[in-house]
Structures are given as C-alpha cells and as structure tokens.
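File shown here: data-v3.cif, holding mmCIF, C-alpha atoms; chains and numbers go by the auth columns.
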```cif
data_data
#
loop_
_atom_site.group_PDB
_atom_site.id
_atom_site.type_symbol
_atom_site.label_atom_id
_atom_site.label_comp_id
_atom_site.label_asym_id
_atom_site.label_seq_id
_atom_site.Cartn_x
_atom_site.Cartn_y
_atom_site.Cartn_z
_atom_site.B_iso_or_equiv
_atom_site.auth_seq_id
_atom_site.auth_asym_id
ATOM 1 C CA MET A 1 31.244 107.020 105.261 0.00 1 A
ATOM 2 C CA PRO A 2 34.801 108.462 105.067 0.00 2 A
ATOM 3 C CA HIS A 3 36.981 108.326 108.188 0.00 3 A
ATOM 4 C CA SER A 4 38.172 111.938 107.949 0.00 4 A
ATOM 5 C CA ILE A 5 37.583 115.209 106.116 0.00 5 A
ATOM 6 C CA ASN A 6 40.788 114.634 104.111 0.00 6 A
ATOM 7 C CA ILE A 7 39.581 111.262 102.873 0.00 7 A
ATOM 8 C CA ALA A 8 36.127 112.729 102.147 0.00 8 A
ATOM 9 C CA THR A 9 37.691 115.545 100.091 0.00 9 A
ATOM 10 C CA ALA A 10 39.833 113.114 98.102 0.00 10 A
ATOM 11 C CA MET A 11 36.844 110.832 97.592 0.00 11 A
ATOM 12 C CA TYR A 12 34.785 113.737 96.245 0.00 12 A
ATOM 13 C CA GLY A 13 37.596 114.696 93.862 0.00 13 A
ATOM 14 C CA PHE A 14 37.972 111.178 92.500 0.00 14 A
ATOM 15 C CA ARG A 15 34.200 110.880 92.095 0.00 15 A
ATOM 16 C CA GLU A 16 34.254 114.126 90.068 0.00 16 A
ATOM 17 C CA LEU A 17 36.952 112.569 87.850 0.00 17 A
ATOM 18 C CA GLY A 18 34.663 109.639 87.179 0.00 18 A
ATOM 19 C CA ALA A 19 36.364 107.009 89.346 0.00 19 A
ATOM 20 C CA GLU A 20 34.283 104.231 90.845 0.00 20 A
ATOM 21 C CA ILE A 21 34.242 104.579 94.653 0.00 21 A
ATOM 22 C CA VAL A 22 34.419 101.264 96.544 0.00 22 A
ATOM 23 C CA PRO A 23 33.995 101.653 100.322 0.00 23 A
ATOM 24 C CA TYR A 24 35.594 99.254 102.821 0.00 24 A
ATOM 25 C CA HIS A 25 36.103 99.115 106.588 0.00 25 A
ATOM 26 C CA PHE A 26 39.338 97.143 107.034 0.00 26 A
ATOM 27 C CA ILE A 27 42.319 96.781 104.692 0.00 27 A
ATOM 28 C CA ASP A 28 42.000 92.958 104.939 0.00 28 A
ATOM 29 C CA GLU A 29 38.688 93.219 103.078 0.00 29 A
ATOM 30 C CA ILE A 30 40.363 94.532 99.920 0.00 30 A
ATOM 31 C CA GLU A 31 43.792 92.907 100.174 0.00 31 A
ATOM 32 C CA GLU A 32 43.069 90.348 97.433 0.00 32 A
ATOM 33 C CA LYS A 33 40.902 92.686 95.321 0.00 33 A
ATOM 34 C CA ILE A 34 43.133 95.703 94.670 0.00 34 A
ATOM 35 C CA GLY A 35 45.573 96.065 91.829 0.00 35 A
ATOM 36 C CA PRO A 36 48.494 98.408 91.095 0.00 36 A
ATOM 37 C CA GLU A 37 46.223 100.673 89.009 0.00 37 A
ATOM 38 C CA ASP A 38 43.825 101.262 91.920 0.00 38 A
ATOM 39 C CA ILE A 39 43.996 104.173 94.356 0.00 39 A
ATOM 40 C CA VAL A 40 43.464 103.460 98.039 0.00 40 A
ATOM 41 C CA LEU A 41 42.421 106.326 100.325 0.00 41 A
ATOM 42 C CA ASP A 42 43.098 105.538 103.963 0.00 42 A
ATOM 43 C CA TYR A 43 45.364 106.465 106.846 0.00 43 A
ATOM 44 C CA ILE A 44 49.136 106.531 106.400 0.00 44 A
ATOM 45 C CA GLU A 45 49.889 103.058 107.747 0.00 45 A
ATOM 46 C CA GLN A 46 47.356 101.395 105.448 0.00 46 A
ATOM 47 C CA CYS A 47 48.493 103.373 102.395 0.00 47 A
ATOM 48 C CA GLN A 48 52.132 102.516 103.110 0.00 48 A
ATOM 49 C CA TRP A 49 51.156 98.830 103.246 0.00 49 A
ATOM 50 C CA VAL A 50 49.515 99.135 99.805 0.00 50 A
ATOM 51 C CA PHE A 51 52.565 100.947 98.364 0.00 51 A
ATOM 52 C CA LYS A 52 54.911 98.242 99.676 0.00 52 A
ATOM 53 C CA GLU A 53 52.586 95.507 98.391 0.00 53 A
ATOM 54 C CA PHE A 54 53.055 96.834 94.838 0.00 54 A
ATOM 55 C CA GLY A 55 56.752 97.673 95.139 0.00 55 A
ATOM 56 C CA HIS A 56 56.509 101.461 95.506 0.00 56 A
ATOM 57 C CA PRO A 57 58.760 103.356 97.931 0.00 57 A
ATOM 58 C CA THR A 58 56.888 104.763 100.925 0.00 58 A
ATOM 59 C CA TYR A 59 59.327 107.534 101.679 0.00 59 A
ATOM 60 C CA MET A 60 61.166 110.003 99.482 0.00 60 A
ATOM 61 C CA ASP A 61 64.346 111.374 100.971 0.00 61 A
ATOM 62 C CA CYS A 62 64.180 114.608 99.003 0.00 62 A
ATOM 63 C CA TYR A 63 62.057 116.494 96.511 0.00 63 A
ATOM 64 C CA LEU A 64 62.243 115.345 92.899 0.00 64 A
ATOM 65 C CA GLU A 65 64.338 117.571 90.627 0.00 65 A
ATOM 66 C CA ILE A 66 61.335 118.195 88.376 0.00 66 A
ATOM 67 C CA LEU A 67 59.420 119.710 91.348 0.00 67 A
ATOM 68 C CA LYS A 68 62.191 122.018 92.621 0.00 68 A
ATOM 69 C CA PRO A 69 61.261 125.010 90.395 0.00 69 A
ATOM 70 C CA PHE A 70 57.827 125.043 92.037 0.00 70 A
ATOM 71 C CA LEU A 71 59.197 125.148 95.587 0.00 71 A
ATOM 72 C CA LYS A 72 60.263 128.800 95.204 0.00 72 A
ATOM 73 C CA ARG A 73 62.232 128.607 98.438 0.00 73 A
ATOM 74 C CA LYS A 74 65.345 127.103 99.918 0.00 74 A
ATOM 75 C CA ILE A 75 64.894 123.818 101.802 0.00 75 A
ATOM 76 C CA TRP A 76 67.614 122.267 103.950 0.00 76 A
ATOM 77 C CA ARG A 77 68.148 119.660 106.645 0.00 77 A
ATOM 78 C CA ASP A 78 68.816 120.411 110.296 0.00 78 A
ATOM 79 C CA THR A 79 68.094 118.776 113.635 0.00 79 A
ATOM 80 C CA ILE A 80 65.428 119.966 116.035 0.00 80 A
ATOM 81 C CA ASN A 81 68.050 120.654 118.722 0.00 81 A
ATOM 82 C CA GLY A 82 70.255 122.540 116.253 0.00 82 A
ATOM 83 C CA PHE A 83 67.265 124.578 115.126 0.00 83 A
ATOM 84 C CA TYR A 84 66.215 125.314 118.707 0.00 84 A
ATOM 85 C CA SER A 85 69.683 126.447 119.737 0.00 85 A
ATOM 86 C CA ASN A 86 69.811 129.134 117.019 0.00 86 A
ATOM 87 C CA GLU A 87 67.698 132.151 118.054 0.00 87 A
ATOM 88 C CA LYS A 88 67.797 133.647 114.543 0.00 88 A
ATOM 89 C CA LYS A 89 66.194 130.486 113.114 0.00 89 A
ATOM 90 C CA ARG A 90 63.611 130.305 115.907 0.00 90 A
ATOM 91 C CA LEU A 91 62.359 133.817 115.144 0.00 91 A
ATOM 92 C CA ALA A 92 62.521 133.720 111.328 0.00 92 A
ATOM 93 C CA GLY A 93 59.132 132.118 110.660 0.00 93 A
ATOM 94 C CA TYR A 94 60.618 128.988 109.101 0.00 94 A
ATOM 95 C CA PHE A 95 58.485 125.977 108.272 0.00 95 A
ATOM 96 C CA ILE A 96 59.792 122.765 109.855 0.00 96 A
ATOM 97 C CA LYS A 97 58.797 119.184 109.217 0.00 97 A
ATOM 98 C CA PRO A 98 60.297 115.997 110.689 0.00 98 A
ATOM 99 C CA VAL A 99 62.105 113.669 108.322 0.00 99 A
ATOM 100 C CA LYS A 100 60.944 110.732 110.452 0.00 100 A
ATOM 101 C CA ASP A 101 57.356 109.984 109.500 0.00 101 A
ATOM 102 C CA LYS A 102 54.837 111.272 112.074 0.00 102 A
ATOM 103 C CA ALA A 103 57.444 112.249 114.713 0.00 103 A
ATOM 104 C CA PHE A 104 55.466 115.486 115.116 0.00 104 A
ATOM 105 C CA THR A 105 53.174 117.663 113.036 0.00 105 A
ATOM 106 C CA TRP A 106 54.788 120.218 110.708 0.00 106 A
ATOM 107 C CA LYS A 107 54.819 123.757 112.038 0.00 107 A
ATOM 108 C CA ILE A 108 55.726 127.298 111.193 0.00 108 A
ATOM 109 C CA ILE A 109 58.064 128.486 113.944 0.00 109 A
ATOM 110 C CA ARG A 110 57.891 132.153 114.898 0.00 110 A
ATOM 111 C CA ASN A 111 58.959 131.894 118.549 0.00 111 A
ATOM 112 C CA THR A 112 60.153 129.403 121.151 0.00 112 A
ATOM 113 C CA ALA A 113 56.594 128.460 122.191 0.00 113 A
ATOM 114 C CA ASP A 114 55.928 127.143 118.675 0.00 114 A
ATOM 115 C CA LEU A 115 58.523 124.423 119.307 0.00 115 A
ATOM 116 C CA ILE A 116 56.459 122.796 122.068 0.00 116 A
ATOM 117 C CA ALA A 117 55.889 119.104 121.225 0.00 117 A
ATOM 118 C CA CYS A 118 58.473 119.153 118.418 0.00 118 A
ATOM 119 C CA GLY A 119 61.258 117.453 120.326 0.00 119 A
ATOM 120 C CA SER A 120 62.078 114.348 122.270 0.00 120 A
ATOM 121 C CA SER A 121 64.373 113.812 125.210 0.00 121 A
ATOM 122 C CA MET A 122 65.334 110.491 123.606 0.00 122 A
ATOM 123 C CA GLU A 123 66.074 111.623 120.053 0.00 123 A
ATOM 124 C CA ASP A 124 67.356 114.703 118.219 0.00 124 A
ATOM 125 C CA TYR A 125 64.953 114.531 115.265 0.00 125 A
ATOM 126 C CA GLU A 126 66.241 115.356 111.818 0.00 126 A
ATOM 127 C CA ILE A 127 64.026 118.009 110.225 0.00 127 A
ATOM 128 C CA LEU A 128 63.481 119.712 106.896 0.00 128 A
ATOM 129 C CA VAL A 129 63.533 123.491 107.209 0.00 129 A
ATOM 130 C CA SER A 130 62.008 125.787 104.621 0.00 130 A
ATOM 131 C CA GLU A 131 62.071 129.513 104.120 0.00 131 A
ATOM 132 C CA PRO A 132 58.647 131.107 104.536 0.00 132 A
ATOM 133 C CA ILE A 133 56.719 131.919 101.358 0.00 133 A
ATOM 134 C CA CYS A 134 53.358 133.454 100.633 0.00 134 A
ATOM 135 C CA ILE A 135 51.147 131.290 98.434 0.00 135 A
ATOM 136 C CA SER A 136 48.202 133.020 96.856 0.00 136 A
ATOM 137 C CA ARG A 137 45.216 131.005 95.740 0.00 137 A
ATOM 138 C CA GLY A 138 45.809 129.375 92.377 0.00 138 A
ATOM 139 C CA THR A 139 49.482 130.347 92.062 0.00 139 A
ATOM 140 C CA VAL A 140 50.838 126.822 92.349 0.00 140 A
ATOM 141 C CA LEU A 141 48.223 125.402 89.973 0.00 141 A
ATOM 142 C CA LYS A 142 48.973 128.118 87.388 0.00 142 A
ATOM 143 C CA ASP A 143 52.718 127.372 87.627 0.00 143 A
ATOM 144 C CA ILE A 144 52.146 123.646 87.177 0.00 144 A
ATOM 145 C CA LEU A 145 49.746 124.097 84.267 0.00 145 A
ATOM 146 C CA SER A 146 52.068 126.521 82.490 0.00 146 A
ATOM 147 C CA THR A 147 54.904 123.990 82.721 0.00 147 A
ATOM 148 C CA PHE A 148 53.106 120.681 82.318 0.00 148 A
ATOM 149 C CA GLY A 149 49.798 121.750 80.750 0.00 149 A
ATOM 150 C CA LYS A 150 50.445 120.097 77.423 0.00 150 A
ATOM 151 C CA ARG A 151 51.346 116.824 79.118 0.00 151 A
ATOM 152 C CA LEU A 152 48.417 116.745 81.568 0.00 152 A
ATOM 153 C CA ASN A 153 45.477 114.695 80.408 0.00 153 A
ATOM 154 C CA THR A 154 42.344 115.105 82.477 0.00 154 A
ATOM 155 C CA LYS A 155 40.017 113.052 80.305 0.00 155 A
ATOM 156 C CA LYS A 156 37.875 110.692 82.340 0.00 156 A
ATOM 157 C CA LYS A 157 39.077 107.625 80.421 0.00 157 A
ATOM 158 C CA ASN A 158 42.503 107.958 82.089 0.00 158 A
ATOM 159 C CA THR A 159 41.211 107.922 85.660 0.00 159 A
ATOM 160 C CA PRO A 160 41.877 104.932 87.899 0.00 160 A
ATOM 161 C CA ARG A 161 39.659 101.895 87.469 0.00 161 A
ATOM 162 C CA GLU A 162 38.586 102.009 91.092 0.00 162 A
ATOM 163 C CA CYS A 163 39.157 104.222 94.092 0.00 163 A
ATOM 164 C CA TRP A 164 39.083 102.286 97.370 0.00 164 A
ATOM 165 C CA ILE A 165 37.984 104.290 100.403 0.00 165 A
#
```
How does this structure look as structure tokens?
Amino acid sequence: MPHSINIATAMYGFRELGAEIVPYHFIDEIEEKIGPEDIVLDYIEQCQWVFKEFGHPTYMDCYLEILKPFLKRKIWRDTINGFYSNEKKRLAGYFIKPVKDKAFTWKIIRNTADLIACGSSMEDYEILVSEPICISRGTVLKDILSTFGKRLNTKKKNTPRECWI
C-alpha cells in the first residue's frame, strides 16, 4: 500500500508503462537489491539516499538550459526578508520556493498573510521567485511534445526494469 497519494499516482503511472512494481516497507530491505536503472518511489530523504548511492546529484542549483523555454516566466533569487520588505513584491502574486530543501512549502504570495510560516528568526532563507503564469491543461505537455516529440520513446521496452515503492 503506497504511503501517500503522490506515491500512489506515480506507482499507477509506472504500472501503466509496464514497469514491475516491487513494494517494500523500509529502505534497508532493498538496499542491496536496487540498481542504477531502477526507480525508487519514496519520501525525499530516502530518494536522496538512493541518488547519492548511485552518484547522482540530489540538488540542482538552477533550471537546465534546455528547460528554460518551457518556463515562460522570469525566475530570480531573493531572500525571504528581502521579499517581505518590498510591498510591491508582496502584492504581485509571485510564486516563491525556498532554495534550502524543505525549509517551507512553496507558495503564491498575494498579501502579507501568505508569508506566514515562510520565515525563520534564525535564518534569512534564500528563495526562488517566479512571475505568475496561467497554465491551461495540456499546455506544458503540448510544448514538450512539439519540441522533443521525435526524441521521446514511450515504448514499453524502454521502461525501467523495476519500480520500487
């Protein structure tokens, strides 16, 4: 049984792609069984452990150049205190996300009250700030397919050997 709705949704998607689903309860149970070609669905800490185990970075400092055309908005760095002190930013409807993993949940800020629980008296968190955009259903997928469609291969033979959940 999946731990969360997000894991359940991912599990369903991988099952639809033809991946073998292998349930587990604790990461120690699969530590010796997984390989670099496997996909592990779990909480962030466990997934970061798996990434490190196979030499993959667990944090990307910025968006990859190849993805920037799909962003369709300006993204920049600020600090939570700098953002808070600028009334124009606070009222603009910007999306903010902490650079530090799990410092707080991302939010769209439309007023001062939206900043509750985004700060710390001990640290002025660095944040990514994004202009607001309107995403209609399917827009992003259409953009990606029009750019990468010829290179995407969705045949079941190219799915991961196993999907650990």
At a cut-off of 9 Å around the point (56.6, 132.6, 112.8) (file coordinates), what residues fall inside when counting all atoms listed in the file? I'd like the answer as a PDB file with C-alpha atoms, keeping the file's coordinate frame.
```pdb
ATOM      1  CA  ARG A  90      63.611 130.305 115.907  1.00  0.00           C
ATOM      2  CA  LEU A  91      62.359 133.817 115.144  1.00  0.00           C
ATOM      3  CA  ALA A  92      62.521 133.720 111.328  1.00  0.00           C
ATOM      4  CA  GLY A  93      59.132 132.118 110.660  1.00  0.00           C
ATOM      5  CA  TYR A  94      60.618 128.988 109.101  1.00  0.00           C
ATOM      6  CA  PHE A  95      58.485 125.977 108.272  1.00  0.00           C
ATOM      7  CA  ILE A 108      55.726 127.298 111.193  1.00  0.00           C
ATOM      8  CA  ILE A 109      58.064 128.486 113.944  1.00  0.00           C
ATOM      9  CA  ARG A 110      57.891 132.153 114.898  1.00  0.00           C
ATOM     10  CA  ASN A 111      58.959 131.894 118.549  1.00  0.00           C
ATOM     11  CA  ASP A 114      55.928 127.143 118.675  1.00  0.00           C
ATOM     12  CA  PRO A 132      58.647 131.107 104.536  1.00  0.00           C
TER      13      PRO A 132
END
```
Separation of CA of Asn86 (chain A) and CA of Thr112 (chain A), in Å? 10.5 Å
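With distances restricted to all atoms listed in the file, A:Leu41 is the closest residue to Phe14 (chain A) from A:Pro36, A:Leu41, A:Glu65, A:Glu31.
One distance worth recording is that between CA of Phe83 (chain A) and CA of Ile133 (chain A), which is 18.8 Å.
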When you count only C-alpha atoms, which of these residues is closest to Arg73 (chain A): A:Ser85, A:Gln46, A:Thr105, A:Ser130? A:Ser130
note - CA of Asn81 (chain A) and CA of Glu123 (chain A) are separated by 9.3 Å
Give me, as a PDB file with C-alpha atoms, in the frame of the given file, all polymer residues having an atom no more than 9 Å from Pro2 (chain A), counting all atoms listed in the file and skipping those fewer than 5 positions away in the same chain.
```
ATOM      1  CA  ILE A   7      39.581 111.262 102.873  1.00  0.00           C
ATOM      2  CA  ALA A   8      36.127 112.729 102.147  1.00  0.00           C
ATOM      3  CA  MET A  11      36.844 110.832  97.592  1.00  0.00           C
ATOM      4  CA  PRO A  23      33.995 101.653 100.322  1.00  0.00           C
ATOM      5  CA  ASP A  42      43.098 105.538 103.963  1.00  0.00           C
ATOM      6  CA  ILE A 165      37.984 104.290 100.403  1.00  0.00           C
TER       7      ILE A 165
END
```
Within 10 Å of Trp49 (chain A), counting all atoms listed in the file, which residues qualify if same-chain residues fewer than 6 places away don't, as a PyMOL selection string? chain A and resi 27+31+55-56+58
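For Val129 (chain A), the non-local neighbours within 9 Å, defined as residues at least 5 positions apart in the same chain or in other chains and counting all atoms listed in the file, are Lys74, Ile75, Trp76, Arg77, Asp78, Phe83, Tyr94, Phe95, Ile96, Lys97 and Pro98 of chain A.
Environment of (65.6, 114.8, 112.5): residues at most 8 Å away, judged by all atoms listed in the file, are A:Asp78, A:Thr79, A:Ile80, A:Pro98, A:Val99, A:Lys100, A:Asp124, A:Tyr125, A:Glu126, A:Ile127, A:Leu128.
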